[in-house]
Amino acid sequence: MNESALVAVLEPIVAAHGLELDDLTVVNAGRRSVLRIALDGDGPDGRGPTIDDIAEATRAISAALDDSDAVGEHPYTLEVGSRGVSAPLERPAHWRRNVSRLVRITPVEGERFVGRIRAVDDTGAELDVDGRRRRLGFDAVRRAVVQVELNRRDEEV
């Protein structure tokens with residue numbers, strides 16, 4: 001499968017559904033291939049796509065791939081989902097969609113720490129770290145991943 005041809009087919013469909021193509025992976029699995037597509041977007045509340053958003057886009061993607069030569073004659077399995085909670089925050093939009101969430105940050109220099117995202121702009125984020133405000137530029141982040149909070153209190157938002 002030609003990934004650039006796949007992207008050419010997928011991006012207009014994904015955009016028409018108000019989403020973004022976050023990742024595209026083609027994995028050969030014997031005689032078949034697995035086409036994994038991760039979608040992202042603001043969603044109705046600004047915090048990412050809903051399962052219904054993903055389902056609607058998946059139907060349109062499947063139909064477009066069936067009508068396209070981008071996958072060739074090779075049999076494939078289509079897997080479409082969202083980026084997932086464990087995906088690292090790599091772009092300002094990822095950070096923005098997770099405002100008020102707790103994030104584990106591995107900085108380029110220094111010790112790993114956990115902070116709550118309070119505000120985001122194009123160059124960095126304002127965090128609450130142990131009750132103190134801290135500005136962190138994206139260029140100072142090696143890796144950042146949202147932490148799952150099962151018993152989050154409303155006052156933490």
# chains A, B, ... in the order shown; residues from 1 in each chain; ligands from 1
$ select_by_dssp --residues "region 88-134 of chain A" --states "strand (DSSP E or B)" --output "PyMOL selection string"
chain A and resi 102-107+113-120+124-129+132-134
$ residues_around --residues "Thr77 (chain A)" --least-positions-apart "6" --cutoff "8 Å" --atoms "only C-alpha atoms" --output "PDB file with all heavy atoms, in the first residue's frame"
ATOM      1  N   ARG A  32      -2.449 -10.531   4.396  1.00  0.00           N
ATOM      2  CA  ARG A  32      -3.262  -9.333   4.610  1.00  0.00           C
ATOM      3  C   ARG A  32      -2.397  -8.209   5.158  1.00  0.00           C
ATOM      4  O   ARG A  32      -1.306  -8.420   5.642  1.00  0.00           O
ATOM      5  CB  ARG A  32      -4.375  -9.605   5.625  1.00  0.00           C
ATOM      6  CG  ARG A  32      -5.325 -10.711   5.230  1.00  0.00           C
ATOM      7  CD  ARG A  32      -6.419 -10.887   6.257  1.00  0.00           C
ATOM      8  NE  ARG A  32      -7.407  -9.825   6.249  1.00  0.00           N
ATOM      9  CZ  ARG A  32      -8.396  -9.715   5.366  1.00  0.00           C
ATOM     10  NH1 ARG A  32      -8.508 -10.597   4.403  1.00  0.00           N
ATOM     11  NH2 ARG A  32      -9.271  -8.739   5.439  1.00  0.00           N
ATOM     12  N   SER A  33      -2.928  -7.025   5.119  1.00  0.00           N
ATOM     13  CA  SER A  33      -2.321  -5.880   5.787  1.00  0.00           C
ATOM     14  C   SER A  33      -3.332  -5.338   6.791  1.00  0.00           C
ATOM     15  O   SER A  33      -4.543  -5.507   6.619  1.00  0.00           O
ATOM     16  CB  SER A  33      -1.985  -4.775   4.793  1.00  0.00           C
ATOM     17  OG  SER A  33      -0.932  -5.172   3.956  1.00  0.00           O
ATOM     18  N   VAL A  34      -2.830  -4.711   7.815  1.00  0.00           N
ATOM     19  CA  VAL A  34      -3.688  -4.024   8.772  1.00  0.00           C
ATOM     20  C   VAL A  34      -3.435  -2.535   8.593  1.00  0.00           C
ATOM     21  O   VAL A  34      -2.296  -2.075   8.688  1.00  0.00           O
ATOM     22  CB  VAL A  34      -3.391  -4.463  10.221  1.00  0.00           C
ATOM     23  CG1 VAL A  34      -4.264  -3.691  11.199  1.00  0.00           C
ATOM     24  CG2 VAL A  34      -3.591  -5.964  10.390  1.00  0.00           C
ATOM     25  N   LEU A  35      -4.499  -1.817   8.297  1.00  0.00           N
ATOM     26  CA  LEU A  35      -4.434  -0.375   8.107  1.00  0.00           C
ATOM     27  C   LEU A  35      -4.989   0.268   9.377  1.00  0.00           C
ATOM     28  O   LEU A  35      -6.190   0.189   9.637  1.00  0.00           O
ATOM     29  CB  LEU A  35      -5.256   0.015   6.876  1.00  0.00           C
ATOM     30  CG  LEU A  35      -5.409   1.481   6.535  1.00  0.00           C
ATOM     31  CD1 LEU A  35      -4.058   2.145   6.365  1.00  0.00           C
ATOM     32  CD2 LEU A  35      -6.245   1.631   5.284  1.00  0.00           C
TER      33      LEU A  35
END
$ atom_distance --atom1 "CA of Arg36 (chain A)" --atom2 "CA of Arg104 (chain A)"
26.2 Å
$ closest_residue --among "A:Val71, A:Val146, A:Val120, A:Leu78" --to "Ala93 (chain A)" --atoms "only C-alpha atoms"
A:Val120
$ residues_around --residues "Asp66 (chain A)" --least-positions-apart "4" --cutoff "12 Å" --atoms "only C-alpha atoms" --output "list in words"
Leu6, Val9, Leu10, Arg59, Ala60, Ile61, Ser62, Ala70, Val71, Gly72, Glu73, His74, Pro75, Tyr76, Thr77 and Leu78 of chain A
$ closest_residue --among "A:Glu3, A:Asp69, A:Asp23, A:Glu126" --to "Ser82 (chain A)" --atoms "only C-alpha atoms"
A:Asp23
$ closest_residue --among "A:Val14, A:Leu21, A:Ala5, A:Val85" --to "Arg47 (chain A)" --atoms "only C-alpha atoms"
A:Val85
$ select_by_dssp --residues "chain A" --states "helix (DSSP H, G or I)" --output "PyMOL selection string"
chain A and resi 3-16+51-66+92-96+138-140+154-156
$ closest_residue --among "A:Asn98, A:Asn2, A:Thr58, A:Gln147" --to "Ile37 (chain A)" --atoms "only C-alpha atoms"
A:Thr58
$ residues_around --residues "Asp122 (chain A)" --least-positions-apart "6" --cutoff "10 Å" --atoms "only C-alpha atoms" --output "number ranges by chain"
A: 91-93, 95-96, 137-138
$ residues_around --residues "Glu56 (chain A)" --least-positions-apart "5" --cutoff "12 Å" --atoms "only C-alpha atoms" --output "PDB file with N, CA, C and O atoms, in the first residue's frame"
ATOM      1  N   ILE A  13     -11.677  13.237   3.596  1.00  0.00           N
ATOM      2  CA  ILE A  13     -12.816  12.598   4.273  1.00  0.00           C
ATOM      3  C   ILE A  13     -12.778  12.922   5.756  1.00  0.00           C
ATOM      4  O   ILE A  13     -13.787  13.291   6.362  1.00  0.00           O
ATOM      5  N   VAL A  14     -11.612  12.782   6.332  1.00  0.00           N
ATOM      6  CA  VAL A  14     -11.441  13.048   7.756  1.00  0.00           C
ATOM      7  C   VAL A  14     -11.764  14.515   8.048  1.00  0.00           C
ATOM      8  O   VAL A  14     -12.489  14.820   8.995  1.00  0.00           O
ATOM      9  N   ALA A  16     -13.693  16.501   6.346  1.00  0.00           N
ATOM     10  CA  ALA A  16     -15.130  16.715   6.164  1.00  0.00           C
ATOM     11  C   ALA A  16     -15.924  16.325   7.410  1.00  0.00           C
ATOM     12  O   ALA A  16     -17.041  16.818   7.617  1.00  0.00           O
ATOM     13  N   HIS A  17     -15.347  15.466   8.228  1.00  0.00           N
ATOM     14  CA  HIS A  17     -15.991  15.050   9.486  1.00  0.00           C
ATOM     15  C   HIS A  17     -15.486  15.866  10.680  1.00  0.00           C
ATOM     16  O   HIS A  17     -15.763  15.533  11.829  1.00  0.00           O
ATOM     17  N   GLY A  18     -14.735  16.941  10.390  1.00  0.00           N
ATOM     18  CA  GLY A  18     -14.248  17.811  11.455  1.00  0.00           C
ATOM     19  C   GLY A  18     -13.141  17.188  12.285  1.00  0.00           C
ATOM     20  O   GLY A  18     -12.945  17.561  13.447  1.00  0.00           O
ATOM     21  N   LEU A  19     -12.418  16.238  11.686  1.00  0.00           N
ATOM     22  CA  LEU A  19     -11.360  15.526  12.410  1.00  0.00           C
ATOM     23  C   LEU A  19     -10.020  15.728  11.716  1.00  0.00           C
ATOM     24  O   LEU A  19      -9.949  16.320  10.637  1.00  0.00           O
ATOM     25  N   LEU A  39      -7.474   9.013  14.640  1.00  0.00           N
ATOM     26  CA  LEU A  39      -8.081  10.304  14.354  1.00  0.00           C
ATOM     27  C   LEU A  39      -8.070  11.171  15.604  1.00  0.00           C
ATOM     28  O   LEU A  39      -8.098  10.663  16.724  1.00  0.00           O
ATOM     29  N   PRO A  49     -12.574  13.909  19.782  1.00  0.00           N
ATOM     30  CA  PRO A  49     -13.737  13.324  19.112  1.00  0.00           C
ATOM     31  C   PRO A  49     -14.468  12.321  20.008  1.00  0.00           C
ATOM     32  O   PRO A  49     -13.866  11.675  20.860  1.00  0.00           O
ATOM     33  N   THR A  50     -15.763  12.208  19.775  1.00  0.00           N
ATOM     34  CA  THR A  50     -16.568  11.216  20.490  1.00  0.00           C
ATOM     35  C   THR A  50     -16.525   9.900  19.723  1.00  0.00           C
ATOM     36  O   THR A  50     -16.086   9.845  18.564  1.00  0.00           O
ATOM     37  N   ILE A  51     -17.018   8.865  20.336  1.00  0.00           N
ATOM     38  CA  ILE A  51     -17.073   7.558  19.663  1.00  0.00           C
ATOM     39  C   ILE A  51     -17.989   7.630  18.443  1.00  0.00           C
ATOM     40  O   ILE A  51     -17.727   6.980  17.427  1.00  0.00           O
ATOM     41  N   ILE A  61     -14.645   6.467   5.594  1.00  0.00           N
ATOM     42  CA  ILE A  61     -13.306   6.007   5.214  1.00  0.00           C
ATOM     43  C   ILE A  61     -13.379   4.653   4.533  1.00  0.00           C
ATOM     44  O   ILE A  61     -12.761   4.437   3.480  1.00  0.00           O
ATOM     45  N   SER A  62     -14.139   3.749   5.106  1.00  0.00           N
ATOM     46  CA  SER A  62     -14.276   2.405   4.530  1.00  0.00           C
ATOM     47  C   SER A  62     -14.837   2.464   3.114  1.00  0.00           C
ATOM     48  O   SER A  62     -14.322   1.815   2.196  1.00  0.00           O
ATOM     49  N   ALA A  63     -15.878   3.262   2.926  1.00  0.00           N
ATOM     50  CA  ALA A  63     -16.484   3.393   1.599  1.00  0.00           C
ATOM     51  C   ALA A  63     -15.497   4.007   0.602  1.00  0.00           C
ATOM     52  O   ALA A  63     -15.389   3.541  -0.537  1.00  0.00           O
ATOM     53  N   VAL A  80      -9.871   1.811  12.856  1.00  0.00           N
ATOM     54  CA  VAL A  80      -9.931   3.261  13.030  1.00  0.00           C
ATOM     55  C   VAL A  80     -10.280   3.544  14.489  1.00  0.00           C
ATOM     56  O   VAL A  80     -11.178   2.921  15.048  1.00  0.00           O
ATOM     57  N   GLY A  81      -9.563   4.479  15.078  1.00  0.00           N
ATOM     58  CA  GLY A  81      -9.836   4.859  16.464  1.00  0.00           C
ATOM     59  C   GLY A  81      -9.318   6.253  16.743  1.00  0.00           C
ATOM     60  O   GLY A  81      -8.838   6.956  15.856  1.00  0.00           O
TER      61      GLY A  81
END
$ atom_distance --atom1 "CA of Ala144 (chain A)" --atom2 "CA of Ile105 (chain A)"
4.4 Å
$ closest_residue --among "A:Ala57, A:Glu149, A:Val7, A:Glu109" --to "Val26 (chain A)" --atoms "only C-alpha atoms"
A:Val7
$ closest_residue --among "A:Asp128, A:Asp67, A:Asp53, A:Asp45" --to "Glu20 (chain A)" --atoms "only C-alpha atoms"
A:Asp53
$ atom_distance --atom1 "CA of Glu111 (chain A)" --atom2 "CA of Leu127 (chain A)"
15.6 Å
